[in-house]
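Text of model.cif, listed as mmCIF, C-alpha atoms:
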```
data_model
loop_
_atom_site.label_atom_id
_atom_site.label_comp_id
_atom_site.auth_asym_id
_atom_site.auth_seq_id
_atom_site.Cartn_x
_atom_site.Cartn_y
_atom_site.Cartn_z
CA MET U 1 72.30 98.23 112.47
CA LYS U 2 69.69 96.00 110.87
CA ILE U 3 70.27 95.17 107.20
CA LEU U 4 67.05 96.05 105.37
CA SER U 5 67.77 93.86 102.38
CA ASP U 6 70.52 91.47 101.31
CA LYS U 7 69.62 90.44 97.79
CA ASN U 8 71.78 90.12 94.68
CA ASN U 9 74.92 90.79 96.75
CA LEU U 10 73.43 94.11 97.84
CA GLN U 11 73.23 94.95 101.55
CA ILE U 12 70.80 97.86 102.01
CA LEU U 13 71.41 99.77 105.26
CA HIS U 14 68.98 102.66 104.73
CA GLU U 15 66.37 103.46 102.12
CA ASP U 16 63.86 106.27 101.70
CA ASN U 17 62.42 108.34 98.85
CA HIS U 18 65.61 110.39 98.51
CA LEU U 19 68.53 108.23 99.62
CA ILE U 20 69.71 104.65 99.50
CA VAL U 21 72.72 103.52 101.54
CA VAL U 22 74.51 100.23 100.95
CA ASN U 23 77.26 98.24 102.64
CA LYS U 24 79.93 97.90 99.96
CA ARG U 25 81.82 94.64 99.72
CA VAL U 26 85.46 94.02 98.80
CA GLY U 27 86.03 94.47 95.07
CA ASP U 28 82.82 96.42 94.40
CA LEU U 29 83.40 99.34 92.08
CA VAL U 30 81.20 102.25 93.18
CA GLN U 31 81.08 104.05 89.82
CA GLY U 32 81.93 102.88 86.32
CA ASP U 33 85.54 103.29 85.16
CA LYS U 34 87.91 102.21 82.39
CA THR U 35 87.88 98.58 83.60
CA GLY U 36 84.38 98.20 82.22
CA ASP U 37 83.36 96.17 85.28
CA LYS U 38 79.76 96.50 86.39
CA PRO U 39 79.63 99.17 89.12
CA LEU U 40 77.63 99.14 92.33
CA SER U 41 75.64 102.12 91.03
CA ASP U 42 74.22 99.92 88.24
CA VAL U 43 73.35 97.14 90.70
CA VAL U 44 71.47 99.65 92.89
CA LYS U 45 69.63 101.04 89.84
CA GLU U 46 68.49 97.53 88.93
CA TYR U 47 67.34 96.95 92.51
CA ILE U 48 65.25 100.16 92.48
CA LYS U 49 63.82 99.46 89.03
CA ASP U 50 62.80 95.95 90.05
CA LYS U 51 61.43 96.83 93.51
CA TYR U 52 59.32 99.79 92.39
CA ASN U 53 58.51 98.61 88.83
CA LYS U 54 59.95 101.81 87.43
CA PRO U 55 59.69 102.27 83.67
CA GLY U 56 62.57 103.83 81.76
CA GLU U 57 65.83 105.04 83.21
CA VAL U 58 66.27 105.15 87.00
CA PHE U 59 67.92 108.27 88.46
CA LEU U 60 70.75 107.52 90.86
CA GLY U 61 73.42 109.98 91.95
CA VAL U 62 76.80 108.90 93.31
CA VAL U 63 77.35 111.07 96.41
CA HIS U 64 80.84 109.78 97.29
CA ARG U 65 83.11 106.81 96.61
CA LEU U 66 85.15 104.22 98.46
CA ASP U 67 88.33 102.62 97.15
CA ARG U 68 87.67 99.30 95.45
CA PRO U 69 89.51 97.15 98.07
CA THR U 70 87.69 98.76 101.03
CA THR U 71 84.28 97.95 102.49
CA GLY U 72 81.48 99.81 104.20
CA ILE U 73 79.00 102.63 103.83
CA VAL U 74 78.26 104.15 100.42
CA VAL U 75 75.47 106.71 99.95
CA PHE U 76 73.52 107.15 96.72
CA ALA U 77 70.90 109.82 95.99
CA ARG U 78 67.56 108.85 94.44
CA THR U 79 66.60 112.43 93.54
CA SER U 80 68.52 115.34 92.05
CA LYS U 81 67.56 117.53 95.02
CA ALA U 82 69.04 115.02 97.45
CA LEU U 83 72.18 114.67 95.32
CA THR U 84 72.82 118.43 95.30
CA ARG U 85 72.30 118.74 99.05
CA MET U 86 74.33 115.63 99.93
CA ASN U 87 77.19 116.87 97.76
CA GLU U 88 77.13 120.10 99.75
CA LEU U 89 77.14 118.21 103.07
CA PHE U 90 80.18 116.19 102.03
CA SER U 91 82.09 119.10 100.51
CA ASN U 92 81.36 121.31 103.55
CA ARG U 93 82.41 118.46 105.88
CA GLU U 94 79.00 118.43 107.54
CA THR U 95 79.10 114.65 107.83
CA HIS U 96 80.73 112.58 110.55
CA LYS U 97 82.71 109.63 109.14
CA THR U 98 84.17 106.82 111.24
CA TYR U 99 86.33 104.05 109.83
CA TRP U 100 87.78 100.88 111.28
CA ALA U 101 91.16 99.58 110.18
CA ILE U 102 93.31 96.56 111.06
CA VAL U 103 97.07 97.08 111.26
CA LYS U 104 99.93 94.76 112.22
CA ASN U 105 102.38 97.34 113.54
CA LYS U 106 101.16 99.03 116.72
CA PRO U 107 101.11 102.82 116.40
CA GLN U 108 103.49 104.61 118.76
CA ASN U 109 100.61 106.26 120.61
CA PRO U 110 97.35 104.50 121.58
CA GLU U 111 95.49 107.52 120.25
CA ASP U 112 96.65 110.53 118.30
CA LYS U 113 95.82 113.17 115.71
CA LEU U 114 97.68 112.84 112.42
CA VAL U 115 98.29 115.87 110.22
CA HIS U 116 100.08 115.50 106.88
CA TYR U 117 100.20 117.08 103.46
CA LEU U 118 99.16 114.56 100.81
CA LYS U 119 100.46 114.74 97.28
CA ARG U 120 98.70 112.58 94.73
CA ASN U 121 100.55 110.62 92.07
CA GLU U 122 98.09 110.16 89.20
CA LYS U 123 100.40 107.77 87.33
CA ASN U 124 100.40 105.03 89.95
CA ASN U 125 97.20 106.13 91.74
CA THR U 126 98.74 106.71 95.16
CA SER U 127 99.11 109.57 97.60
CA LYS U 128 102.27 110.29 99.59
CA ALA U 129 102.06 111.83 103.06
CA HIS U 130 104.54 114.62 103.83
CA ILE U 131 105.16 116.23 107.22
CA LYS U 132 105.55 119.66 105.65
CA GLU U 133 103.67 121.28 102.80
CA VAL U 134 105.07 120.51 99.35
CA PRO U 135 103.96 121.81 95.92
CA GLU U 136 100.50 120.52 94.89
CA SER U 137 99.89 118.89 98.28
CA LYS U 138 96.68 119.11 100.32
CA LEU U 139 96.25 119.22 104.08
CA ALA U 140 95.01 115.91 105.53
CA SER U 141 93.89 115.41 109.11
CA LEU U 142 92.43 112.53 111.10
CA ASP U 143 92.43 111.14 114.60
CA TYR U 144 92.67 107.49 115.58
CA LYS U 145 92.57 105.32 118.67
CA ILE U 146 93.32 101.66 119.27
CA ILE U 147 90.01 99.98 120.09
CA LYS U 148 91.20 96.38 120.39
CA GLU U 149 94.43 94.41 120.54
CA LEU U 150 94.14 91.11 118.66
CA ASN U 151 96.63 88.21 118.57
CA ASN U 152 98.78 89.62 115.80
CA TYR U 153 96.99 92.86 114.89
CA PHE U 154 95.54 96.06 116.24
CA ALA U 155 92.09 97.44 115.46
CA LEU U 156 91.91 101.21 115.05
CA GLU U 157 88.94 103.55 114.99
CA ILE U 158 89.52 106.55 112.75
CA ASN U 159 87.62 109.83 112.48
CA LEU U 160 88.28 111.83 109.35
CA HIS U 161 88.55 115.62 109.42
CA THR U 162 89.31 115.89 105.69
CA GLY U 163 88.51 113.67 102.72
CA ARG U 164 91.65 113.23 100.64
CA HIS U 165 92.59 110.59 98.09
CA HIS U 166 93.69 107.39 99.93
CA GLN U 167 94.00 109.52 103.07
CA ILE U 168 93.73 106.85 105.78
CA ARG U 169 95.88 104.41 103.82
CA ALA U 170 98.63 106.97 103.23
CA GLN U 171 98.62 108.49 106.71
CA LEU U 172 98.71 105.15 108.57
CA SER U 173 101.49 103.99 106.26
CA ALA U 174 103.42 107.20 107.05
CA ILE U 175 103.48 106.33 110.78
CA GLY U 176 104.64 102.77 110.04
CA SER U 177 101.25 101.07 110.45
CA PRO U 178 100.03 100.14 106.94
CA ILE U 179 96.59 98.52 106.74
CA LYS U 180 96.42 94.72 106.53
CA GLY U 181 96.51 93.61 102.89
CA ASP U 182 97.45 97.03 101.52
CA LEU U 183 100.47 96.21 99.34
CA LYS U 184 100.28 99.62 97.70
CA TYR U 185 101.06 101.30 101.02
CA GLY U 186 103.64 98.94 102.46
CA PHE U 187 101.90 95.91 103.93
CA ASP U 188 103.92 92.77 103.21
CA ARG U 189 101.13 90.39 102.10
CA SER U 190 97.92 90.72 100.17
CA ASN U 191 94.60 89.43 101.50
CA PRO U 192 93.19 86.33 99.78
CA ASP U 193 90.19 88.32 98.46
CA GLY U 194 92.36 91.17 97.16
CA GLY U 195 90.83 93.61 99.63
CA ILE U 196 92.28 95.54 102.54
CA HIS U 197 91.10 95.68 106.15
CA LEU U 198 89.63 99.18 105.97
CA HIS U 199 85.91 99.56 106.64
CA ALA U 200 83.68 102.65 106.48
CA ARG U 201 81.94 101.80 109.74
CA LYS U 202 79.70 104.74 110.64
CA LEU U 203 78.23 107.84 109.00
CA GLY U 204 76.21 110.61 110.59
CA PHE U 205 74.49 113.48 108.78
CA ILE U 206 71.33 115.58 108.66
CA HIS U 207 68.93 114.21 106.06
CA PRO U 208 68.90 116.61 103.08
CA VAL U 209 65.09 116.73 102.88
CA SER U 210 63.50 115.57 106.14
CA LYS U 211 66.25 117.22 108.27
CA GLU U 212 66.22 114.14 110.48
CA ASN U 213 69.49 113.16 112.17
CA ILE U 214 70.67 110.00 110.38
CA ILE U 215 73.25 107.64 111.86
CA ILE U 216 74.20 104.58 109.83
CA VAL U 217 76.41 101.72 111.00
CA ALA U 218 77.71 99.09 108.58
CA PRO U 219 78.34 95.52 109.78
CA VAL U 220 81.93 94.40 109.20
CA PRO U 221 82.77 91.73 106.60
CA ASN U 222 82.49 88.15 107.78
CA ASP U 223 86.07 87.07 108.35
CA VAL U 224 88.09 85.80 111.31
CA ILE U 225 89.86 89.07 112.08
CA TRP U 226 86.85 91.36 111.77
CA ASN U 227 84.74 88.93 113.79
CA ALA U 228 87.32 89.11 116.60
CA ILE U 229 86.36 92.75 117.15
#
```
Would it be possible to restate this file's structure as structure tokens?
Amino acid sequence: MKILSDKNNLQILHEDNHLIVVNKRVGDLVQGDKTGDKPLSDVVKEYIKDKYNKPGEVFLGVVHRLDRPTTGIVVFARTSKALTRMNELFSNRETHKTYWAIVKNKPQNPEDKLVHYLKRNEKNNTSKAHIKEVPESKLASLDYKIIKELNNYFALEINLHTGRHHQIRAQLSAIGSPIKGDLKYGFDRSNPDGGIHLHARKLGFIHPVSKENIIIVAPVPNDVIWNAI
């Protein structure tokens, strides 16, 4: 997919009167939190304000989030109507999300469906995948396939059926294939940039206003392993 704009460390993948979609980089915080670091939402607001010479406060709704160490597609709403409708699409699972991940340990099966029950630990901000339902757990489901074998790693394509906290990270770790760089879920070394090799690659949905079928693909980060795919 063509990048519409790449200014101020902001890669714009899609932009219209109601939505703006960006390719998040490693370390970007989507929405403000207790760290006080400047979030991506503020950067996008500044971009809109500058591009369209908007006076006063710019409206921008955060539709969904990605973990800070991951990369890829993030959707923001430019109108309250679009925000409400996009929230409904995501909560009703009327979006199609595809991720790419790099793992060192080859999964037992070249493709498979993973079903677990995830229980979140708020204290250390992790989720643990259980085979059977446990108290306060939520059903998590995805399917994956190996799309390329690299020298020391395997590239997986993942389609999410549910959207749970750290779902892909926890489920791949549970089958013995933690994502490259993901110390929190069992990988043995961190990546130099502090990120992990998990990328929100593709998103499909019906536009909340125009009803057009939208398919967005995010270029992978520029590093040796991603470039090998």
**Item:** Spatial neighbours of U:Ser41, 8 Å, all atoms listed in the file, chain gap at least 2 places, as a list of chain:residue names
**Value:** U:Val30, U:Gln31, U:Gly32, U:Pro39, U:Val43, U:Val44, U:Lys45, U:Leu60, U:Val62, U:Phe76
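In this comparison, which uses all atoms listed in the file, the residue of U:Ile175, U:Ala170, U:Asn125, U:Gly163 approaching U:Glu94 most closely is U:Gly163.
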Given the file shown, determine the residues that the PyMOL selection byres ((chain U and resi 147) around 9) selects; report them as a CSV table (one decimal) with C-alpha atoms, keeping the file's coordinate frame.
```
chain,number,residue,atom,x,y,z
U,110,PRO,CA,97.4,104.5,121.6
U,145,LYS,CA,92.6,105.3,118.7
U,146,ILE,CA,93.3,101.7,119.3
U,148,LYS,CA,91.2,96.4,120.4
U,149,GLU,CA,94.4,94.4,120.5
U,154,PHE,CA,95.5,96.1,116.2
U,155,ALA,CA,92.1,97.4,115.5
U,156,LEU,CA,91.9,101.2,115.0
U,157,GLU,CA,88.9,103.6,115.0
U,229,ILE,CA,86.4,92.8,117.2
```
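Among the candidates U:Asn227, U:Asn17, U:Ser210, U:Asn222, the one nearest to U:Leu150 when counting all atoms listed in the file is U:Asn227.
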Can you list, as a PDB file with C-alpha atoms, in the coordinates of the input, the residues that the PyMOL selection byres ((chain U and resi 209) around 10) selects here?
```
ATOM      1  CA  ASN U  17      62.420 108.340  98.850  1.00  0.00           C
ATOM      2  CA  HIS U  18      65.610 110.390  98.510  1.00  0.00           C
ATOM      3  CA  LEU U  19      68.530 108.230  99.620  1.00  0.00           C
ATOM      4  CA  LYS U  81      67.560 117.530  95.020  1.00  0.00           C
ATOM      5  CA  ALA U  82      69.040 115.020  97.450  1.00  0.00           C
ATOM      6  CA  ARG U  85      72.300 118.740  99.050  1.00  0.00           C
ATOM      7  CA  MET U  86      74.330 115.630  99.930  1.00  0.00           C
ATOM      8  CA  ILE U 206      71.330 115.580 108.660  1.00  0.00           C
ATOM      9  CA  HIS U 207      68.930 114.210 106.060  1.00  0.00           C
ATOM     10  CA  PRO U 208      68.900 116.610 103.080  1.00  0.00           C
ATOM     11  CA  SER U 210      63.500 115.570 106.140  1.00  0.00           C
ATOM     12  CA  LYS U 211      66.250 117.220 108.270  1.00  0.00           C
ATOM     13  CA  GLU U 212      66.220 114.140 110.480  1.00  0.00           C
TER      14      GLU U 212
END
```
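The residue that comes closest to U:His165, out of U:Asp28, U:Asp67, U:Glu136, U:Asp188 and on the basis of only C-alpha atoms, is U:Asp67.
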**Item:** Near-U:Lys119 list (6 Å; all atoms listed in the file; drop same-chain fewer than 5 positions) as a VMD selection string
**Value:** chain U and resid 127 to 128 137
Local residues around (99.7, 104.7, 117.2), at most 12 Å away, using all atoms listed in the file, as a compact mmCIF listing (two decimals) with C-alpha atoms, keeping the file's coordinate frame:
```txt
# COMPACT_ATOMS: atom_id res chain seq x y z
CA VAL U 103 97.07 97.08 111.26
CA LYS U 104 99.93 94.76 112.22
CA ASN U 105 102.38 97.34 113.54
CA LYS U 106 101.16 99.03 116.72
CA PRO U 107 101.11 102.82 116.40
CA GLN U 108 103.49 104.61 118.76
CA ASN U 109 100.61 106.26 120.61
CA PRO U 110 97.35 104.50 121.58
CA GLU U 111 95.49 107.52 120.25
CA ASP U 112 96.65 110.53 118.30
CA LYS U 113 95.82 113.17 115.71
CA LEU U 114 97.68 112.84 112.42
CA ASP U 143 92.43 111.14 114.60
CA TYR U 144 92.67 107.49 115.58
CA LYS U 145 92.57 105.32 118.67
CA ILE U 146 93.32 101.66 119.27
CA ILE U 147 90.01 99.98 120.09
CA PHE U 154 95.54 96.06 116.24
CA ALA U 155 92.09 97.44 115.46
CA LEU U 156 91.91 101.21 115.05
CA GLU U 157 88.94 103.55 114.99
CA ILE U 158 89.52 106.55 112.75
CA GLN U 171 98.62 108.49 106.71
CA LEU U 172 98.71 105.15 108.57
CA SER U 173 101.49 103.99 106.26
CA ALA U 174 103.42 107.20 107.05
CA ILE U 175 103.48 106.33 110.78
CA GLY U 176 104.64 102.77 110.04
CA SER U 177 101.25 101.07 110.45
CA PRO U 178 100.03 100.14 106.94
```
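Across the model, the gap from atom CA of U:Val21 to atom CA of U:Gly181 is 25.8 Å.
Minimum atom-to-atom distances from U:Arg120, U:Pro55, U:Tyr153, U:Ile216 to U:Ile20 were compared using only C-alpha atoms, and the lowest value belongs to U:Ile216.
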**Message:** Quick check, in Å to one decimal: how far apart do atom CA of U:Thr126 and atom CA of U:Lys38 lie?
**Reply:** 23.3 Å
**Asked** Do you know which residues are at most 8 Å from U:Glu133 counting only C-alpha atoms, after dropping those on the same chain fewer than 3 positions away, and could you put them as a count of residues only?
**Response** 6
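For the structure in this document, the set picked by the PyMOL selection byres ((chain U and resi 160) around 10) is Arg93, Thr95, His96, Lys97, Thr98, Tyr99, Lys113, Leu114, Ala140, Ser141, Leu142, Asp143, Tyr144, Ile158, Asn159, His161, Thr162, Gly163, Arg164, Gln167 and Ile168 of chain U.
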Expected file content for stretch 55-101 of chain U, N, CA and C atoms, as a PDB file, in the first residue's frame:
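Ended up saving to decode.pdb:
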```
ATOM      1  N   PRO U  55      -8.680  25.911  13.583  1.00  0.00           N
ATOM      2  CA  PRO U  55      -8.575  26.680  14.824  1.00  0.00           C
ATOM      3  C   PRO U  55      -9.091  25.854  15.998  1.00  0.00           C
ATOM      4  N   GLY U  56      -8.615  26.141  17.185  1.00  0.00           N
ATOM      5  CA  GLY U  56      -9.132  25.463  18.378  1.00  0.00           C
ATOM      6  C   GLY U  56      -8.738  24.006  18.443  1.00  0.00           C
ATOM      7  N   GLU U  57      -9.471  23.278  19.263  1.00  0.00           N
ATOM      8  CA  GLU U  57      -9.167  21.875  19.542  1.00  0.00           C
ATOM      9  C   GLU U  57      -9.595  20.973  18.380  1.00  0.00           C
ATOM     10  N   VAL U  58      -8.746  20.033  18.020  1.00  0.00           N
ATOM     11  CA  VAL U  58      -9.049  19.067  16.957  1.00  0.00           C
ATOM     12  C   VAL U  58      -9.677  17.822  17.584  1.00  0.00           C
ATOM     13  N   PHE U  59     -10.808  17.365  17.010  1.00  0.00           N
ATOM     14  CA  PHE U  59     -11.414  16.122  17.502  1.00  0.00           C
ATOM     15  C   PHE U  59     -10.665  14.941  16.903  1.00  0.00           C
ATOM     16  N   LEU U  60     -10.322  13.988  17.761  1.00  0.00           N
ATOM     17  CA  LEU U  60      -9.722  12.745  17.291  1.00  0.00           C
ATOM     18  C   LEU U  60     -10.091  11.635  18.266  1.00  0.00           C
ATOM     19  N   GLY U  61     -10.743  10.601  17.761  1.00  0.00           N
ATOM     20  CA  GLY U  61     -11.143   9.480  18.609  1.00  0.00           C
ATOM     21  C   GLY U  61     -10.229   8.288  18.414  1.00  0.00           C
ATOM     22  N   VAL U  62      -9.803   7.694  19.517  1.00  0.00           N
ATOM     23  CA  VAL U  62      -8.976   6.480  19.456  1.00  0.00           C
ATOM     24  C   VAL U  62      -9.904   5.274  19.329  1.00  0.00           C
ATOM     25  N   VAL U  63      -9.868   4.613  18.172  1.00  0.00           N
ATOM     26  CA  VAL U  63     -10.775   3.494  17.890  1.00  0.00           C
ATOM     27  C   VAL U  63     -10.292   2.215  18.566  1.00  0.00           C
ATOM     28  N   HIS U  64      -8.964   1.980  18.531  1.00  0.00           N
ATOM     29  CA  HIS U  64      -8.389   0.774  19.128  1.00  0.00           C
ATOM     30  C   HIS U  64      -6.927   1.071  19.426  1.00  0.00           C
ATOM     31  N   ARG U  65      -6.257   0.160  20.100  1.00  0.00           N
ATOM     32  CA  ARG U  65      -4.856   0.392  20.457  1.00  0.00           C
ATOM     33  C   ARG U  65      -3.984  -0.801  20.075  1.00  0.00           C
ATOM     34  N   LEU U  66      -2.697  -0.530  19.954  1.00  0.00           N
ATOM     35  CA  LEU U  66      -1.697  -1.582  19.800  1.00  0.00           C
ATOM     36  C   LEU U  66      -0.719  -1.466  20.954  1.00  0.00           C
ATOM     37  N   ASP U  67      -0.175  -2.600  21.383  1.00  0.00           N
ATOM     38  CA  ASP U  67       0.837  -2.571  22.442  1.00  0.00           C
ATOM     39  C   ASP U  67       2.014  -1.701  22.006  1.00  0.00           C
ATOM     40  N   ARG U  68       2.639  -1.058  22.958  1.00  0.00           N
ATOM     41  CA  ARG U  68       3.719  -0.122  22.662  1.00  0.00           C
ATOM     42  C   ARG U  68       4.871  -0.751  21.857  1.00  0.00           C
ATOM     43  N   PRO U  69       5.293  -2.001  22.144  1.00  0.00           N
ATOM     44  CA  PRO U  69       6.409  -2.573  21.389  1.00  0.00           C
ATOM     45  C   PRO U  69       6.053  -3.111  20.005  1.00  0.00           C
ATOM     46  N   THR U  70       4.766  -3.110  19.644  1.00  0.00           N
ATOM     47  CA  THR U  70       4.351  -3.631  18.338  1.00  0.00           C
ATOM     48  C   THR U  70       4.255  -2.509  17.312  1.00  0.00           C
ATOM     49  N   THR U  71       4.113  -2.912  16.042  1.00  0.00           N
ATOM     50  CA  THR U  71       4.018  -1.945  14.947  1.00  0.00           C
ATOM     51  C   THR U  71       2.773  -2.232  14.116  1.00  0.00           C
ATOM     52  N   GLY U  72       2.445  -1.294  13.235  1.00  0.00           N
ATOM     53  CA  GLY U  72       1.376  -1.553  12.280  1.00  0.00           C
ATOM     54  C   GLY U  72       0.179  -0.630  12.376  1.00  0.00           C
ATOM     55  N   ILE U  73      -0.928  -1.103  11.845  1.00  0.00           N
ATOM     56  CA  ILE U  73      -2.120  -0.289  11.592  1.00  0.00           C
ATOM     57  C   ILE U  73      -2.820   0.165  12.872  1.00  0.00           C
ATOM     58  N   VAL U  74      -3.040   1.474  12.953  1.00  0.00           N
ATOM     59  CA  VAL U  74      -3.868   2.056  14.023  1.00  0.00           C
ATOM     60  C   VAL U  74      -4.866   3.006  13.374  1.00  0.00           C
ATOM     61  N   VAL U  75      -6.138   2.860  13.734  1.00  0.00           N
ATOM     62  CA  VAL U  75      -7.211   3.676  13.165  1.00  0.00           C
ATOM     63  C   VAL U  75      -7.664   4.735  14.165  1.00  0.00           C
ATOM     64  N   PHE U  76      -7.771   5.970  13.693  1.00  0.00           N
ATOM     65  CA  PHE U  76      -8.335   7.056  14.492  1.00  0.00           C
ATOM     66  C   PHE U  76      -9.558   7.610  13.758  1.00  0.00           C
ATOM     67  N   ALA U  77     -10.531   8.098  14.535  1.00  0.00           N
ATOM     68  CA  ALA U  77     -11.736   8.683  13.951  1.00  0.00           C
ATOM     69  C   ALA U  77     -11.657  10.206  14.021  1.00  0.00           C
ATOM     70  N   ARG U  78     -12.003  10.858  12.925  1.00  0.00           N
ATOM     71  CA  ARG U  78     -11.956  12.326  12.865  1.00  0.00           C
ATOM     72  C   ARG U  78     -13.309  12.965  13.193  1.00  0.00           C
ATOM     73  N   THR U  79     -14.355  12.141  13.295  1.00  0.00           N
ATOM     74  CA  THR U  79     -15.677  12.658  13.666  1.00  0.00           C
ATOM     75  C   THR U  79     -16.284  11.745  14.727  1.00  0.00           C
ATOM     76  N   SER U  80     -17.180  12.289  15.518  1.00  0.00           N
ATOM     77  CA  SER U  80     -17.813  11.493  16.576  1.00  0.00           C
ATOM     78  C   SER U  80     -18.683  10.394  15.975  1.00  0.00           C
ATOM     79  N   LYS U  81     -19.311  10.679  14.823  1.00  0.00           N
ATOM     80  CA  LYS U  81     -20.138   9.664  14.160  1.00  0.00           C
ATOM     81  C   LYS U  81     -19.274   8.473  13.738  1.00  0.00           C
ATOM     82  N   ALA U  82     -18.126   8.767  13.158  1.00  0.00           N
ATOM     83  CA  ALA U  82     -17.229   7.690  12.733  1.00  0.00           C
ATOM     84  C   ALA U  82     -16.701   6.909  13.932  1.00  0.00           C
ATOM     85  N   LEU U  83     -16.413   7.610  15.030  1.00  0.00           N
ATOM     86  CA  LEU U  83     -15.904   6.938  16.231  1.00  0.00           C
ATOM     87  C   LEU U  83     -16.924   5.940  16.771  1.00  0.00           C
ATOM     88  N   THR U  84     -18.183   6.370  16.880  1.00  0.00           N
ATOM     89  CA  THR U  84     -19.243   5.501  17.393  1.00  0.00           C
ATOM     90  C   THR U  84     -19.396   4.258  16.520  1.00  0.00           C
ATOM     91  N   ARG U  85     -19.414   4.468  15.215  1.00  0.00           N
ATOM     92  CA  ARG U  85     -19.632   3.347  14.295  1.00  0.00           C
ATOM     93  C   ARG U  85     -18.413   2.430  14.223  1.00  0.00           C
ATOM     94  N   MET U  86     -17.212   2.983  14.285  1.00  0.00           N
ATOM     95  CA  MET U  86     -16.006   2.147  14.264  1.00  0.00           C
ATOM     96  C   MET U  86     -15.899   1.335  15.549  1.00  0.00           C
ATOM     97  N   ASN U  87     -16.263   1.949  16.664  1.00  0.00           N
ATOM     98  CA  ASN U  87     -16.273   1.202  17.931  1.00  0.00           C
ATOM     99  C   ASN U  87     -17.208   0.001  17.842  1.00  0.00           C
ATOM    100  N   GLU U  88     -18.349   0.199  17.197  1.00  0.00           N
ATOM    101  CA  GLU U  88     -19.306  -0.900  17.027  1.00  0.00           C
ATOM    102  C   GLU U  88     -18.725  -1.998  16.135  1.00  0.00           C
ATOM    103  N   LEU U  89     -18.051  -1.597  15.047  1.00  0.00           N
ATOM    104  CA  LEU U  89     -17.448  -2.579  14.141  1.00  0.00           C
ATOM    105  C   LEU U  89     -16.418  -3.440  14.871  1.00  0.00           C
ATOM    106  N   PHE U  90     -15.587  -2.782  15.679  1.00  0.00           N
ATOM    107  CA  PHE U  90     -14.556  -3.522  16.410  1.00  0.00           C
ATOM    108  C   PHE U  90     -15.167  -4.412  17.493  1.00  0.00           C
ATOM    109  N   SER U  91     -16.127  -3.872  18.241  1.00  0.00           N
ATOM    110  CA  SER U  91     -16.712  -4.660  19.332  1.00  0.00           C
ATOM    111  C   SER U  91     -17.554  -5.817  18.803  1.00  0.00           C
ATOM    112  N   ASN U  92     -18.155  -5.645  17.629  1.00  0.00           N
ATOM    113  CA  ASN U  92     -18.969  -6.706  17.021  1.00  0.00           C
ATOM    114  C   ASN U  92     -18.142  -7.640  16.137  1.00  0.00           C
ATOM    115  N   ARG U  93     -16.820  -7.412  16.131  1.00  0.00           N
ATOM    116  CA  ARG U  93     -15.883  -8.225  15.330  1.00  0.00           C
ATOM    117  C   ARG U  93     -16.250  -8.206  13.852  1.00  0.00           C
ATOM    118  N   GLU U  94     -16.626  -7.033  13.371  1.00  0.00           N
ATOM    119  CA  GLU U  94     -16.947  -6.867  11.947  1.00  0.00           C
ATOM    120  C   GLU U  94     -15.752  -6.270  11.195  1.00  0.00           C
ATOM    121  N   THR U  95     -14.564  -6.529  11.712  1.00  0.00           N
ATOM    122  CA  THR U  95     -13.337  -6.139  11.033  1.00  0.00           C
ATOM    123  C   THR U  95     -12.513  -7.401  10.827  1.00  0.00           C
ATOM    124  N   HIS U  96     -11.671  -7.364   9.815  1.00  0.00           N
ATOM    125  CA  HIS U  96     -10.797  -8.523   9.567  1.00  0.00           C
ATOM    126  C   HIS U  96      -9.360  -8.080   9.814  1.00  0.00           C
ATOM    127  N   LYS U  97      -8.730  -8.660  10.861  1.00  0.00           N
ATOM    128  CA  LYS U  97      -7.387  -8.236  11.269  1.00  0.00           C
ATOM    129  C   LYS U  97      -6.369  -9.335  10.992  1.00  0.00           C
ATOM    130  N   THR U  98      -5.301  -8.968  10.305  1.00  0.00           N
ATOM    131  CA  THR U  98      -4.213  -9.905  10.023  1.00  0.00           C
ATOM    132  C   THR U  98      -2.906  -9.344  10.575  1.00  0.00           C
ATOM    133  N   TYR U  99      -2.200 -10.182  11.303  1.00  0.00           N
ATOM    134  CA  TYR U  99      -0.912  -9.795  11.877  1.00  0.00           C
ATOM    135  C   TYR U  99       0.198 -10.668  11.301  1.00  0.00           C
ATOM    136  N   TRP U 100       1.397 -10.139  11.312  1.00  0.00           N
ATOM    137  CA  TRP U 100       2.593 -10.932  11.041  1.00  0.00           C
ATOM    138  C   TRP U 100       3.439 -10.976  12.298  1.00  0.00           C
ATOM    139  N   ALA U 101       4.040 -12.127  12.545  1.00  0.00           N
ATOM    140  CA  ALA U 101       4.915 -12.282  13.712  1.00  0.00           C
ATOM    141  C   ALA U 101       6.132 -13.102  13.312  1.00  0.00           C
TER     142      ALA U 101
END
```
